[in-house]
Amino acid sequence: MLAILFKAVSETLLEFGANPENGLGGKLGFISLLHTWDQLLNDHFHLHCLVPGGVLADDRNQWIGCENDFLFPIQALSPVFRGKYIYYLKKAYENNELDFPGKTAYLGTANGFKALVNSCYACDWVVDIRDPIDQPEYVLEYLARYTHRVAISNNRILSLENGKVTFAYKNRDTEQTEQTTIDAVEFIRRFLLHVLPKGFMRIRHYGLFANRCKRENIRRCRELLGLSRELPEVVNQSVQEMMQKLIGKDITLCPCCGKGKMRQVCLIPEGSGPSGYDILHPSG
């Protein structure tokens, strides 16, 4: 299902970029990143895409910039994206590539799957295009929020008592930080919704940025934009140095006293210590 999501999104954007009627007409490049959760750890599967405002002409002799104050019309993107996703969903069903465990078993029947497809066609699908970002540092900061994060950070977990977990979340309606308490087993269930299959690539590059040709494509685009073909030299920095530059904090400082320096003394072997069941049921 996640692979279908990537395929439907990438084909939609590449086709819109290649169509001159959409104001461009060339090869688009973009980075797609899978995000699976909301603030309450519920499943909320969607892609964030970083897209430059232009395309490389098919003859590679022109950079065609976006002339409008938007990349593509949202109203046009949404039905095409929906159509592509449902097409590949039905194809996977016909090839017996889908599993329907537990409460979803009825969707695996002919009538159940038909009803699922009809419900998908009955509603509008959400495509959201944000305002362009002027500074490249902001682009990197935005992307970094999602590259190596897990569904919830430790500082949001406020307590674990009597088989209950209390954690903080941001209410998107009020923009206020609130708290919620749920059963520990439910907390684990929600967390595990966001553990991806082993080896699954959650960051993917398309078009101009496809791994096999992105270096030469970027050089050509820079040349057409009046910049040097040579890419800026990458400065190797440690995680501590990068965080110091980005947020102005020394992450090696002790969070308790704020003075001492933390250093690695050993690695705890995987699988050592009490199991999750023992933590939740200490009485055994």
# chains A, B, ... in the order shown; residues from 1 in each chain; ligands from 1
>>> select_by_dssp(residues="stretch 94-126 of chain A", states="helix (DSSP H, G or I)", output="list of chain:residue names")
A:Glu94, A:Gly102, A:Lys103, A:Thr104, A:Ala105, A:Tyr106, A:Leu107, A:Gly108, A:Ala110, A:Asn111, A:Gly112, A:Phe113, A:Lys114, A:Ala115, A:Leu116, A:Val117, A:Asn118, A:Ser119, A:Cys120, A:Tyr121
>>> select_by_dssp(residues="stretch 6-195 of chain A", states="strand (DSSP E or B)", output="JSON, numbers by chain")
{"A": [27, 29, 30, 31, 32, 33, 34, 35, 36, 37, 43, 44, 45, 46, 47, 48, 49, 50, 54, 55, 56, 63, 64, 65, 157, 158, 159, 160, 161, 164, 165, 166, 167, 168, 169, 170, 171, 176, 177, 178, 179, 180, 181, 182, 183]}
>>> closest_atom_pairs(of="stretch 26-94 of chain A", to="stretch 202-215 of chain A", cutoff="6 Å", atoms="only C-alpha atoms", output="JSON lines")
{"residue": "A:Leu28", "atom": "CA", "partner": "A:Gly207", "partner_atom": "CA", "distance": 5.5}
{"residue": "A:Gly29", "atom": "CA", "partner": "A:Leu208", "partner_atom": "CA", "distance": 4.2}
{"residue": "A:Phe30", "atom": "CA", "partner": "A:Tyr206", "partner_atom": "CA", "distance": 5.6}
{"residue": "A:Ile31", "atom": "CA", "partner": "A:His205", "partner_atom": "CA", "distance": 4.7}
{"residue": "A:Ser32", "atom": "CA", "partner": "A:Arg204", "partner_atom": "CA", "distance": 5.3}
{"residue": "A:Leu33", "atom": "CA", "partner": "A:Ile203", "partner_atom": "CA", "distance": 4.5}
{"residue": "A:Leu34", "atom": "CA", "partner": "A:Arg202", "partner_atom": "CA", "distance": 5.1}
>>> residues_around(residues="A:Glu230", least_positions_apart="5", cutoff="12 Å", atoms="only C-alpha atoms", output="number ranges by chain")
A: 215-223
>>> atom_distance(atom1="atom CA of A:Asn96", atom2="atom CA of A:Leu77")
28.9 Å
>>> residues_around(residues="A:Arg263", least_positions_apart="5", cutoff="12 Å", atoms="only C-alpha atoms", output="count of residues only")
5
>>> residues_around(residues="stretch 143-154 of chain A", least_positions_apart="6", cutoff="12 Å", atoms="only C-alpha atoms", output="number ranges by chain")
A: 31-44, 46-51, 133, 136-137, 160, 166-170, 187-196, 201-204, 242-243, 246
>>> write_last_selection(atoms="C-alpha atoms", output="PDB file, in the first residue's frame")
ATOM      1  CA  ILE A  31      12.164  14.395  -3.159  1.00  0.00           C
ATOM      2  CA  SER A  32       9.342  12.424  -1.493  1.00  0.00           C
ATOM      3  CA  LEU A  33       9.356  11.544   2.180  1.00  0.00           C
ATOM      4  CA  LEU A  34       6.855   9.254   3.901  1.00  0.00           C
ATOM      5  CA  HIS A  35       5.204  10.487   7.092  1.00  0.00           C
ATOM      6  CA  THR A  36       2.843   8.077   8.878  1.00  0.00           C
ATOM      7  CA  TRP A  37       1.607   9.614  12.140  1.00  0.00           C
ATOM      8  CA  ASP A  38      -0.372  12.458  13.639  1.00  0.00           C
ATOM      9  CA  GLN A  39       0.183  14.071  17.042  1.00  0.00           C
ATOM     10  CA  LEU A  40      -1.824  11.349  18.815  1.00  0.00           C
ATOM     11  CA  LEU A  41       0.213   8.590  17.085  1.00  0.00           C
ATOM     12  CA  ASN A  42      -2.739   7.527  14.965  1.00  0.00           C
ATOM     13  CA  ASP A  43      -2.124   6.304  11.426  1.00  0.00           C
ATOM     14  CA  HIS A  44      -1.953   9.247   9.016  1.00  0.00           C
ATOM     15  CA  HIS A  46       0.975  10.794   3.526  1.00  0.00           C
ATOM     16  CA  LEU A  47       3.977  12.057   1.578  1.00  0.00           C
ATOM     17  CA  HIS A  48       5.851  15.328   1.893  1.00  0.00           C
ATOM     18  CA  CYS A  49       7.372  16.361  -1.438  1.00  0.00           C
ATOM     19  CA  LEU A  50      10.034  19.016  -1.981  1.00  0.00           C
ATOM     20  CA  VAL A  51       9.697  20.295  -5.542  1.00  0.00           C
ATOM     21  CA  ILE A 133      10.592  28.571   0.552  1.00  0.00           C
ATOM     22  CA  PRO A 136      17.762  26.755   1.197  1.00  0.00           C
ATOM     23  CA  GLU A 137      18.567  26.475   4.913  1.00  0.00           C
ATOM     24  CA  LEU A 160       4.045   5.628  32.774  1.00  0.00           C
ATOM     25  CA  THR A 166       0.491  10.038  29.475  1.00  0.00           C
ATOM     26  CA  PHE A 167       2.060  12.053  26.695  1.00  0.00           C
ATOM     27  CA  ALA A 168       1.910  15.582  25.326  1.00  0.00           C
ATOM     28  CA  TYR A 169       0.593  16.493  21.907  1.00  0.00           C
ATOM     29  CA  LYS A 170      -0.186  19.626  19.935  1.00  0.00           C
ATOM     30  CA  PHE A 187       0.246   3.185  23.179  1.00  0.00           C
ATOM     31  CA  ILE A 188       2.434   0.323  21.938  1.00  0.00           C
ATOM     32  CA  ARG A 189      -0.123  -0.560  19.250  1.00  0.00           C
ATOM     33  CA  ARG A 190      -0.143   3.002  17.946  1.00  0.00           C
ATOM     34  CA  PHE A 191       3.652   3.232  18.048  1.00  0.00           C
ATOM     35  CA  LEU A 192       4.067   0.007  16.093  1.00  0.00           C
ATOM     36  CA  LEU A 193       1.787   1.348  13.345  1.00  0.00           C
ATOM     37  CA  HIS A 194       4.757   3.451  12.285  1.00  0.00           C
ATOM     38  CA  VAL A 195       7.444   0.754  12.193  1.00  0.00           C
ATOM     39  CA  LEU A 196       8.071   0.287   8.479  1.00  0.00           C
ATOM     40  CA  MET A 201      12.922   3.321   1.663  1.00  0.00           C
ATOM     41  CA  ARG A 202      10.907   6.169   3.154  1.00  0.00           C
ATOM     42  CA  ILE A 203      12.878   8.874   1.294  1.00  0.00           C
ATOM     43  CA  ARG A 204      12.884   8.613  -2.495  1.00  0.00           C
ATOM     44  CA  MET A 242      25.688  20.379  12.968  1.00  0.00           C
ATOM     45  CA  MET A 243      23.314  20.705  15.909  1.00  0.00           C
ATOM     46  CA  LEU A 246      21.427  24.668  13.479  1.00  0.00           C
TER      47      LEU A 246
END
>>> decode(residues="stretch 139-164 of chain A", atoms="C-alpha atoms", output="PDB file, in the first residue's frame")
ATOM      1  CA  VAL A 139      14.328  23.680   3.086  1.00  0.00           C
ATOM      2  CA  LEU A 140      16.939  21.542   4.808  1.00  0.00           C
ATOM      3  CA  GLU A 141      15.495  22.318   8.234  1.00  0.00           C
ATOM      4  CA  TYR A 142      12.005  21.348   7.025  1.00  0.00           C
ATOM      5  CA  LEU A 143      13.208  18.069   5.531  1.00  0.00           C
ATOM      6  CA  ALA A 144      15.286  17.262   8.613  1.00  0.00           C
ATOM      7  CA  ARG A 145      12.133  17.258  10.762  1.00  0.00           C
ATOM      8  CA  TYR A 146      11.032  14.032   9.120  1.00  0.00           C
ATOM      9  CA  THR A 147      14.133  12.177   7.907  1.00  0.00           C
ATOM     10  CA  HIS A 148      15.180  10.278  11.020  1.00  0.00           C
ATOM     11  CA  ARG A 149      12.389  10.937  13.489  1.00  0.00           C
ATOM     12  CA  VAL A 150      10.319   8.266  15.169  1.00  0.00           C
ATOM     13  CA  ALA A 151       6.623   8.674  15.906  1.00  0.00           C
ATOM     14  CA  ILE A 152       7.174  10.240  19.324  1.00  0.00           C
ATOM     15  CA  SER A 153      10.202  11.685  21.130  1.00  0.00           C
ATOM     16  CA  ASN A 154      11.077  10.798  24.719  1.00  0.00           C
ATOM     17  CA  ASN A 155      10.410  14.292  26.045  1.00  0.00           C
ATOM     18  CA  ARG A 156       6.740  14.056  25.013  1.00  0.00           C
ATOM     19  CA  ILE A 157       6.193  10.996  27.237  1.00  0.00           C
ATOM     20  CA  LEU A 158       5.246  12.472  30.606  1.00  0.00           C
ATOM     21  CA  SER A 159       4.510   9.401  32.742  1.00  0.00           C
ATOM     22  CA  LEU A 160       4.045   5.628  32.774  1.00  0.00           C
ATOM     23  CA  GLU A 161       1.967   4.563  35.771  1.00  0.00           C
ATOM     24  CA  ASN A 162      -0.471   1.739  36.485  1.00  0.00           C
ATOM     25  CA  GLY A 163      -0.411   0.492  32.911  1.00  0.00           C
ATOM     26  CA  LYS A 164      -1.225   3.950  31.549  1.00  0.00           C
TER      27      LYS A 164
END
